[in-house]
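Raw input24.txt, compact mmCIF, C-alpha atoms:
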```
# COMPACT_ATOMS: atom_id res chain seq x y z
CA MET A 1 43.24 -70.05 -8.48
CA LYS A 2 44.20 -69.78 -12.13
CA ARG A 3 47.26 -67.78 -13.17
CA PRO A 4 45.37 -65.06 -15.19
CA ILE A 5 43.06 -64.48 -12.25
CA LEU A 6 46.04 -64.24 -9.91
CA LEU A 7 47.73 -61.73 -12.20
CA GLY A 8 44.54 -59.69 -12.40
CA PHE A 9 44.13 -59.74 -8.64
CA ALA A 10 47.76 -58.72 -8.15
CA HIS A 11 47.31 -55.84 -10.58
CA LEU A 12 44.21 -54.67 -8.69
CA LEU A 13 46.09 -54.77 -5.41
CA ALA A 14 48.91 -52.73 -6.95
CA VAL A 15 46.48 -50.09 -8.18
CA LEU A 16 44.75 -49.91 -4.79
CA ALA A 17 48.12 -49.63 -3.05
CA CYS A 18 49.11 -46.80 -5.36
CA LEU A 19 45.86 -44.97 -4.68
CA ALA A 20 46.19 -45.54 -0.96
CA THR A 21 49.61 -43.92 -0.90
CA SER A 22 49.26 -41.19 -3.51
CA VAL A 23 45.83 -39.71 -2.83
CA PRO A 24 46.27 -39.03 0.88
CA ALA A 25 49.77 -37.69 0.20
CA PHE A 26 48.33 -35.19 -2.30
CA ALA A 27 45.47 -34.32 0.02
CA GLN A 28 47.84 -33.69 2.88
CA THR A 29 50.20 -31.46 0.87
CA ASP A 30 50.03 -27.93 2.20
CA PRO A 31 50.58 -25.36 -0.57
CA LEU A 32 51.13 -22.63 2.04
CA PRO A 33 53.28 -24.19 4.79
CA SER A 34 54.60 -20.84 6.05
CA TRP A 35 51.08 -19.63 6.85
CA ASN A 36 49.25 -20.19 10.10
CA ASP A 37 45.83 -21.73 9.67
CA GLY A 38 43.44 -18.81 9.84
CA PRO A 39 41.04 -16.65 7.80
CA ALA A 40 43.76 -15.34 5.45
CA LYS A 41 45.15 -18.74 4.50
CA GLN A 42 41.67 -20.21 4.27
CA ALA A 43 40.57 -17.39 1.96
CA ILE A 44 43.42 -18.08 -0.46
CA VAL A 45 42.87 -21.84 -0.56
CA ALA A 46 39.07 -21.51 -0.85
CA PHE A 47 39.45 -19.00 -3.69
CA VAL A 48 41.84 -21.20 -5.65
CA GLN A 49 39.68 -24.27 -5.19
CA ALA A 50 36.52 -22.42 -6.20
CA THR A 51 37.98 -20.80 -9.29
CA THR A 52 39.72 -23.91 -10.60
CA THR A 53 36.97 -26.49 -10.07
CA GLN A 54 35.66 -27.38 -13.52
CA GLY A 55 31.89 -27.02 -13.64
CA GLY A 56 31.73 -25.12 -10.36
CA PRO A 57 29.71 -21.89 -10.08
CA GLN A 58 32.83 -19.78 -9.57
CA PHE A 59 35.05 -21.49 -12.14
CA VAL A 60 37.40 -19.11 -13.94
CA PRO A 61 38.69 -20.17 -17.38
CA PRO A 62 42.50 -20.50 -17.45
CA ALA A 63 42.92 -17.57 -19.84
CA GLU A 64 41.20 -15.26 -17.34
CA ARG A 65 43.19 -16.34 -14.29
CA ILE A 66 45.13 -13.15 -13.66
CA ALA A 67 46.62 -12.25 -10.27
CA THR A 68 48.43 -8.97 -9.62
CA PHE A 69 50.89 -8.21 -6.84
CA ASP A 70 52.34 -4.96 -5.63
CA GLN A 71 56.03 -5.46 -4.89
CA ASP A 72 57.41 -3.13 -2.21
CA GLY A 73 55.93 -4.13 1.13
CA THR A 74 53.86 -6.90 -0.46
CA LEU A 75 56.50 -9.23 -1.91
CA TRP A 76 59.63 -7.89 -0.23
CA VAL A 77 60.85 -5.42 2.40
CA GLU A 78 60.28 -1.71 1.74
CA GLN A 79 61.48 -0.19 5.04
CA PRO A 80 63.32 1.93 5.95
CA MET A 81 63.70 2.93 2.29
CA TYR A 82 62.63 1.51 -1.06
CA THR A 83 65.36 -0.66 -2.57
CA GLN A 84 65.36 1.29 -5.80
CA VAL A 85 65.87 4.57 -3.92
CA VAL A 86 68.85 2.99 -2.14
CA TYR A 87 70.22 2.02 -5.55
CA CYS A 88 69.80 5.57 -6.85
CA LEU A 89 71.52 7.09 -3.81
CA ASP A 90 74.39 4.62 -4.16
CA ARG A 91 74.74 5.61 -7.81
CA VAL A 92 75.19 9.32 -7.06
CA PRO A 93 79.02 9.17 -6.62
CA ALA A 94 79.39 7.56 -10.05
CA VAL A 95 77.13 10.19 -11.60
CA VAL A 96 79.12 13.01 -9.98
CA LYS A 97 82.36 11.44 -11.11
CA ALA A 98 81.09 11.59 -14.69
CA LYS A 99 79.77 15.13 -14.14
CA PRO A 100 82.03 16.80 -11.51
CA GLU A 101 80.04 20.03 -11.66
CA LEU A 102 77.23 18.30 -9.73
CA ALA A 103 79.42 17.90 -6.62
CA THR A 104 78.46 21.34 -5.32
CA VAL A 105 74.85 21.21 -6.51
CA GLU A 106 71.93 20.10 -4.34
CA PRO A 107 70.66 17.49 -3.76
CA PHE A 108 73.82 15.69 -4.95
CA LYS A 109 75.96 17.58 -2.44
CA THR A 110 73.81 16.32 0.44
CA VAL A 111 73.92 12.72 -0.79
CA LEU A 112 77.71 12.85 -1.16
CA SER A 113 78.01 14.10 2.44
CA GLY A 114 76.61 10.80 3.71
CA ASN A 115 74.56 12.66 6.32
CA ARG A 116 71.55 10.40 6.79
CA GLU A 117 69.54 13.00 8.70
CA ALA A 118 70.03 15.55 5.93
CA MET A 119 69.20 12.96 3.28
CA ALA A 120 65.99 12.07 5.09
CA LYS A 121 64.87 15.69 4.65
CA LEU A 122 65.25 15.66 0.88
CA THR A 123 62.07 16.77 -0.84
CA MET A 124 60.24 14.98 -3.61
CA PRO A 125 61.67 17.39 -6.24
CA ASP A 126 65.14 16.59 -4.83
CA LEU A 127 64.50 12.86 -5.22
CA MET A 128 63.18 13.36 -8.73
CA LYS A 129 66.46 15.05 -9.69
CA ILE A 130 68.39 12.10 -8.27
CA LEU A 131 66.16 9.57 -10.03
CA ALA A 132 66.52 11.37 -13.34
CA ALA A 133 70.30 11.50 -13.01
CA THR A 134 70.72 7.85 -12.00
CA LEU A 135 68.00 6.13 -14.04
CA THR A 136 68.21 7.88 -17.40
CA GLY A 137 70.73 9.05 -19.98
CA MET A 138 72.12 5.59 -20.64
CA SER A 139 71.24 2.62 -22.80
CA VAL A 140 68.76 0.08 -21.48
CA ASP A 141 71.49 -2.58 -21.65
CA THR A 142 73.91 -0.45 -19.60
CA PHE A 143 71.24 0.21 -17.00
CA THR A 144 70.41 -3.49 -16.73
CA ALA A 145 74.08 -4.39 -16.27
CA GLU A 146 74.53 -1.74 -13.56
CA VAL A 147 71.48 -2.90 -11.62
CA LYS A 148 72.63 -6.54 -11.79
CA ARG A 149 76.08 -5.53 -10.54
CA TRP A 150 74.61 -3.52 -7.67
CA LEU A 151 72.19 -6.26 -6.60
CA ALA A 152 75.06 -8.76 -6.50
CA GLU A 153 77.02 -6.57 -4.08
CA ALA A 154 74.55 -4.46 -2.06
CA LYS A 155 73.26 -5.70 1.29
CA ASP A 156 70.48 -4.55 3.55
CA PRO A 157 71.94 -2.86 6.66
CA ARG A 158 69.69 -4.71 9.11
CA TRP A 159 69.87 -8.31 7.89
CA LYS A 160 73.24 -8.04 6.13
CA LYS A 161 71.82 -9.98 3.21
CA PRO A 162 71.27 -9.16 -0.47
CA TYR A 163 68.03 -7.31 -1.09
CA THR A 164 66.87 -10.12 -3.34
CA GLU A 165 66.81 -12.45 -0.32
CA LEU A 166 64.41 -10.20 1.58
CA THR A 167 61.33 -11.55 -0.14
CA TYR A 168 58.46 -12.79 1.99
CA LEU A 169 58.37 -16.59 1.99
CA PRO A 170 54.58 -16.77 2.53
CA MET A 171 54.01 -14.59 -0.54
CA GLN A 172 56.45 -16.65 -2.59
CA GLU A 173 54.29 -19.64 -1.70
CA VAL A 174 51.17 -17.82 -2.88
CA LEU A 175 52.84 -17.02 -6.21
CA LYS A 176 53.80 -20.66 -6.73
CA TYR A 177 50.42 -21.95 -5.58
CA LEU A 178 48.56 -19.69 -7.99
CA ARG A 179 50.83 -20.58 -10.91
CA ALA A 180 50.44 -24.28 -10.15
CA SER A 181 46.68 -23.66 -10.34
CA GLY A 182 46.84 -22.13 -13.79
CA TYR A 183 47.14 -18.47 -12.82
CA LYS A 184 49.39 -15.91 -14.45
CA THR A 185 51.08 -13.78 -11.81
CA TYR A 186 51.98 -10.16 -12.51
CA ILE A 187 53.89 -7.56 -10.53
CA VAL A 188 52.12 -4.19 -10.59
CA THR A 189 54.41 -1.78 -8.80
CA GLY A 190 54.98 1.90 -8.25
CA GLY A 191 58.68 1.10 -8.60
CA GLY A 192 60.56 1.48 -11.84
CA GLN A 193 59.48 -1.05 -14.43
CA ASP A 194 62.97 -1.43 -15.91
CA PHE A 195 64.50 -1.82 -12.44
CA VAL A 196 62.14 -4.60 -11.33
CA ARG A 197 62.36 -6.41 -14.65
CA VAL A 198 66.07 -6.98 -14.07
CA TYR A 199 65.49 -9.48 -11.24
CA ALA A 200 61.78 -10.39 -11.24
CA GLU A 201 62.18 -13.71 -13.04
CA GLN A 202 65.08 -14.89 -10.90
CA VAL A 203 63.58 -13.73 -7.61
CA TYR A 204 59.84 -14.33 -8.10
CA GLY A 205 59.55 -16.55 -11.16
CA ILE A 206 57.78 -13.69 -12.94
CA PRO A 207 59.15 -12.93 -16.42
CA PRO A 208 59.89 -9.30 -17.39
CA GLU A 209 56.88 -9.09 -19.70
CA GLN A 210 54.66 -9.69 -16.65
CA VAL A 211 56.03 -6.70 -14.75
CA VAL A 212 54.00 -3.49 -14.87
CA GLY A 213 55.66 -0.53 -13.20
CA THR A 214 56.35 3.16 -13.39
CA ALA A 215 57.72 3.55 -16.87
CA GLY A 216 59.91 6.16 -18.50
CA GLY A 217 60.45 6.87 -22.15
CA THR A 218 63.15 5.40 -24.35
CA LYS A 219 64.64 6.59 -27.62
CA PHE A 220 65.76 4.35 -30.44
CA GLY A 221 69.15 4.93 -32.02
CA TYR A 222 72.36 3.35 -33.36
CA ASP A 223 75.83 3.13 -31.87
CA LYS A 224 79.04 3.83 -33.81
CA SER A 225 79.05 0.33 -35.26
CA GLY A 226 75.48 0.64 -36.46
CA ARG A 227 74.01 -1.61 -33.76
CA PRO A 228 70.51 -0.48 -32.67
CA PHE A 229 69.83 0.28 -29.01
CA LEU A 230 67.44 2.13 -26.70
CA THR A 231 68.40 5.09 -24.52
CA LYS A 232 66.48 5.75 -21.29
CA GLU A 233 65.03 9.26 -21.27
CA PRO A 234 63.80 11.46 -18.38
CA LYS A 235 60.23 11.31 -19.65
CA LEU A 236 57.45 9.77 -17.58
CA LEU A 237 55.06 7.52 -19.50
CA LEU A 238 53.21 5.85 -16.63
CA ASN A 239 53.11 6.59 -12.90
CA ASP A 240 52.06 3.13 -11.76
CA ASP A 241 50.68 4.07 -8.36
CA HIS A 242 47.17 4.70 -7.01
CA ALA A 243 44.87 5.13 -10.07
CA GLY A 244 47.89 4.49 -12.27
CA LYS A 245 47.80 0.82 -11.27
CA PRO A 246 44.48 -0.08 -12.91
CA GLU A 247 45.45 2.15 -15.82
CA GLY A 248 48.72 0.25 -16.16
CA ILE A 249 46.92 -3.09 -15.86
CA HIS A 250 44.61 -2.17 -18.72
CA LEU A 251 47.48 -0.85 -20.81
CA MET A 252 49.95 -3.69 -20.24
CA ILE A 253 47.84 -6.74 -19.36
CA GLY A 254 44.51 -6.10 -21.04
CA ARG A 255 42.50 -8.20 -18.58
CA ARG A 256 40.99 -7.31 -15.22
CA PRO A 257 42.63 -9.34 -12.42
CA VAL A 258 40.53 -11.76 -10.41
CA ALA A 259 43.00 -11.57 -7.50
CA ALA A 260 45.04 -8.60 -6.28
CA PHE A 261 47.51 -8.23 -3.43
CA GLY A 262 48.83 -4.98 -1.94
CA ASN A 263 49.90 -3.43 1.35
CA SER A 264 49.29 0.31 1.25
CA ILE A 265 47.02 3.16 0.25
CA GLY A 266 48.75 3.16 -3.14
CA ASP A 267 47.17 -0.22 -3.89
CA LYS A 268 43.59 0.76 -3.05
CA GLU A 269 42.51 1.49 -6.62
CA MET A 270 43.98 -1.79 -7.88
CA LEU A 271 41.94 -3.75 -5.34
CA GLU A 272 38.81 -1.72 -6.14
CA TYR A 273 39.29 -2.35 -9.86
CA THR A 274 39.73 -6.07 -9.23
CA GLN A 275 36.63 -6.31 -7.05
CA ALA A 276 34.50 -4.48 -9.65
CA GLY A 277 34.65 -7.50 -11.95
CA ASP A 278 32.11 -10.30 -12.07
CA GLY A 279 32.44 -13.67 -10.38
CA ALA A 280 34.87 -14.81 -7.69
CA ARG A 281 37.37 -12.17 -6.54
CA LEU A 282 40.19 -12.12 -4.00
CA MET A 283 41.53 -8.85 -2.60
CA MET A 284 44.24 -8.95 0.09
CA LEU A 285 46.36 -6.42 1.98
CA VAL A 286 49.55 -7.23 3.87
CA HIS A 287 49.59 -5.44 7.22
CA HIS A 288 53.04 -4.81 8.69
CA ASP A 289 52.43 -5.35 12.41
CA ASP A 290 55.51 -7.36 13.41
CA ALA A 291 58.23 -5.07 14.76
CA THR A 292 60.28 -8.00 16.03
CA ARG A 293 60.62 -10.10 12.88
CA GLU A 294 60.24 -7.27 10.35
CA TYR A 295 58.69 -3.82 10.91
CA ALA A 296 55.49 -2.38 12.35
CA TYR A 297 54.09 0.62 10.54
CA GLY A 298 50.83 1.99 9.29
CA PRO A 299 49.07 5.39 9.29
CA GLN A 300 52.12 7.53 10.08
CA SER A 301 54.65 5.86 7.80
CA LYS A 302 55.80 7.82 4.76
CA ILE A 303 56.62 4.50 3.12
CA GLY A 304 53.90 1.90 2.74
CA THR A 305 51.27 4.08 4.41
CA PHE A 306 48.34 2.02 5.73
CA PRO A 307 45.87 4.64 7.01
CA ASP A 308 42.94 3.84 9.26
CA ALA A 309 40.64 4.68 6.36
CA LEU A 310 42.17 1.85 4.32
CA MET A 311 41.60 -0.61 7.16
CA ALA A 312 38.01 0.57 7.41
CA ALA A 313 37.55 0.21 3.65
CA ALA A 314 38.97 -3.31 3.77
CA LYS A 315 36.48 -4.34 6.43
CA GLN A 316 33.58 -2.68 4.66
CA ARG A 317 34.36 -4.22 1.27
CA GLY A 318 35.31 -7.67 2.50
CA TRP A 319 38.98 -7.48 1.65
CA THR A 320 41.24 -9.80 3.62
CA VAL A 321 43.93 -8.15 5.75
CA ILE A 322 46.99 -10.35 6.28
CA SER A 323 48.64 -9.90 9.66
CA MET A 324 52.38 -10.55 9.45
CA GLN A 325 52.45 -11.23 13.16
CA HIS A 326 49.56 -13.69 13.31
CA ASP A 327 49.24 -15.17 9.81
CA TRP A 328 52.86 -15.90 8.95
CA LYS A 329 54.86 -18.64 10.69
CA ARG A 330 57.99 -17.48 8.88
CA ILE A 331 58.68 -14.24 7.07
CA PHE A 332 61.91 -14.99 5.21
CA ALA A 333 63.35 -18.19 3.78
CA PHE A 334 66.38 -17.77 6.04
CA ASP A 335 64.23 -17.68 9.20
CA GLN A 336 64.64 -20.65 11.50
```
Spell out the structure here as structure tokens.
Amino acid sequence: MKRPILLGFAHLLAVLACLATSVPAFAQTDPLPSWNDGPAKQAIVAFVQATTTQGGPQFVPPAERIATFDQDGTLWVEQPMYTQVVYCLDRVPAVVKAKPELATVEPFKTVLSGNREAMAKLTMPDLMKILAATLTGMSVDTFTAEVKRWLAEAKDPRWKKPYTELTYLPMQEVLKYLRASGYKTYIVTGGGQDFVRVYAEQVYGIPPEQVVGTAGGTKFGYDKSGRPFLTKEPKLLLNDDHAGKPEGIHLMIGRRPVAAFGNSIGDKEMLEYTQAGDGARLMMLVHHDDATREYAYGPQSKIGTFPDALMAAAKQRGWTVISMQHDWKRIFAFDQ
């Protein structure tokens, strides 16, 4: 056999060998390894494949690939108390130190007592006073620095780990899978927008401009040196919960999502709004039904309420309900 022919044959063998090793390896790669094989996982994979297959009937152009995620209870732990509320309660002593007259005023007096039972009975107006005192009246930069400092030191009482480590590994995989498939992922949360923006990029890979949350007002001004800054004010601009979620999506994103993920009655309108669009749609709800590895709660929970009516609506409308107990092999990255 002549040398050129041999070289050509060798090249062909090399190409075939490359294909033989690379194609199966790609085909066998599981984008959601922490998920059990079931309807929920299959729904995610089928949706991504359908919406990213060029020329397919359900193809979604890259610019329109928008996926929104609630945070508390959907991306990370929300029980027994929202992380931001824990932050605000922890900030009360510092606030009282700066304003000693608050020490004898409710609800600050109750928080300073450390009585958990009494604190659990605080009303919504009480909590609003605490939120106003701990989340406003400072520059945006000061607030960001305080939140970063707190997150670096605070630990969840059950797992003894930083709150930023209590994200759900299966949902982190969904975020990465969607982004690898050309989707933009947004957090749409009832939590404070400024609070979540502090850590969203580090924790979820979601930049601050892709966080939509409950937003307060700010006021522009100058410090003594003439440097411009923003002061956080006790003025509500957007309550990003229930109907506020689609309103916030329209205001901040400007496109209707084609995929939406939530876990409670507060996410219902976001999923409805997503489903109302044309073409392929994916609506999913995380159901907390694993008391051993995380928590089990639903209709009676004050936090992350999942009423029977929401379950019925999910079944009627074809939304996928994710069972923590049955659909997730692992919940946290630190699980063995």
Exercise for the section: Determine the nearest neighbour of Pro299 in chain A from the options A:Thr231, A:Gln336, A:Gln71, A:Asn263, counting all atoms listed in the file. Expected result: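 The closest residue to Pro299 in chain A is A:Asn263.
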Extending 5 Å beyond the listed atoms of range 57-67 of chain A on each side, what axis-aligned box results? I want centre and edge lengths in Å to one decimal, as lines of an AutoDock Vina configuration file.
```
center_x = 38.2
center_y = -17.1
center_z = -14.7
size_x = 26.9
size_y = 19.6
size_z = 20.3
```
Practice task
For each of A:Thr123, A:Gln210, A:Thr142, A:Gln49, take the minimum atom-to-atom distance to Thr68 in chain A, counting only C-alpha atoms, then give the residue where this is smallest.
Solution key: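 Of A:Thr123, A:Gln210, A:Thr142, A:Gln49, the one nearest Thr68 in chain A is A:Gln210, counting only C-alpha atoms.
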Handout entry: Nearby residues (only C-alpha atoms) at most 7 Å from range 104-114 of chain A, same-chain spacing under 3 positions excluded, as a VMD selection string
Key = chain A and resid 89 92 to 93 101 118 to 119 126
Exercise for the section: Considering only C-alpha atoms, state which residue in the set A:Leu75, A:Leu32, A:Val188, A:Val147 is at the smallest distance from Pro257 in chain A. Expected result: A:Val188
Problem - Between CA of Gly244 in chain A and CA of Gly277 in chain A - distance in Å to one decimal - result: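 CA of Gly244 in chain A lies at a distance of 17.9 Å from CA of Gly277 in chain A.
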Completion exercise
Correct to one decimal, the distance CA of Asn36 in chain A-CA of Ile206 in chain A is 25.4 Å
Handout entry: Selected residue of minimal separation from Ala120 in chain A among A:Pro80, A:Pro307, A:Pro157, A:Gly182, counting all atoms listed in the file
Key =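 Under the stated criterion, the closest residue is A:Pro80.
Here the question is which of A:Arg227, A:Ala63, A:Ala50, A:Val77 gets nearest to Trp159 in chain A using all atoms listed in the file, and that residue is A:Val77.
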Handout entry: Selected residue of minimal separation from Phe69 in chain A among A:Gln202, A:Thr274, A:Thr29, A:Thr53, counting only C-alpha atoms
Key =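 Closest to Phe69 in chain A of all the choices is A:Thr274.
With only C-alpha atoms taken into account, every residue lying no more than 9 Å from the file point (58.2, -19.4, -10.7) is included here: Gln172, Leu175, Lys176, Arg179, Glu201, Gln202, Val203, Tyr204, Gly205, Ile206 and Pro207 of chain A.
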Handout entry: Exercise: Val95 in chain A partners within 12 Å, only C-alpha atoms, chain neighbours under 3 positions left out, as a count of residues only
Key = 25
Practice task
Kindly give the distance, in Å, that separates CA of Thr144 in chain A and CA of Asp194 in chain A, rounded to a single decimal.
Solution key: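 Those two atoms sit 7.8 Å apart.
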Practice task
Would you kindly return, as a PyMOL selection string, each protein, DNA or RNA residue with an atom no farther than 12 Å from any atom of Val321 in chain A, considering all atoms listed in the file and excluding same-chain residues fewer than 5 positions away?
Solution key: chain A and resi 38-41+43-44+74+261-264+282-289+306+310-316+326-327
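Around Leu151 in chain A, within 8 Å and counting only C-alpha atoms, the residues found are Pro162, Tyr163 and Thr164 of chain A, once anything fewer than 6 positions away on its own chain is removed.
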Let's have the selection written as a short mmCIF file (atom, residue, chain, number, x, y, z; two decimals), keeping the file's coordinate frame, with C-alpha atoms.
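In the end it all went to out31.cif:
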```cif
data_model
loop_
_atom_site.label_atom_id
_atom_site.label_comp_id
_atom_site.auth_asym_id
_atom_site.auth_seq_id
_atom_site.Cartn_x
_atom_site.Cartn_y
_atom_site.Cartn_z
CA PRO A 162 71.27 -9.16 -0.47
CA TYR A 163 68.03 -7.31 -1.09
CA THR A 164 66.87 -10.12 -3.34
#
```
Exercise for the section: For a cut-off of 10 Å around (47.6, -19.5, -15.2), file coordinates, pick out all residues using only C-alpha atoms and list them as a list in words. Expected result: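 Answer for this query, in the requested form: Pro61, Pro62, Ala63, Glu64, Arg65, Ile66, Ala67, Leu178, Arg179, Ala180, Ser181, Gly182, Tyr183, Lys184 and Thr185 of chain A.
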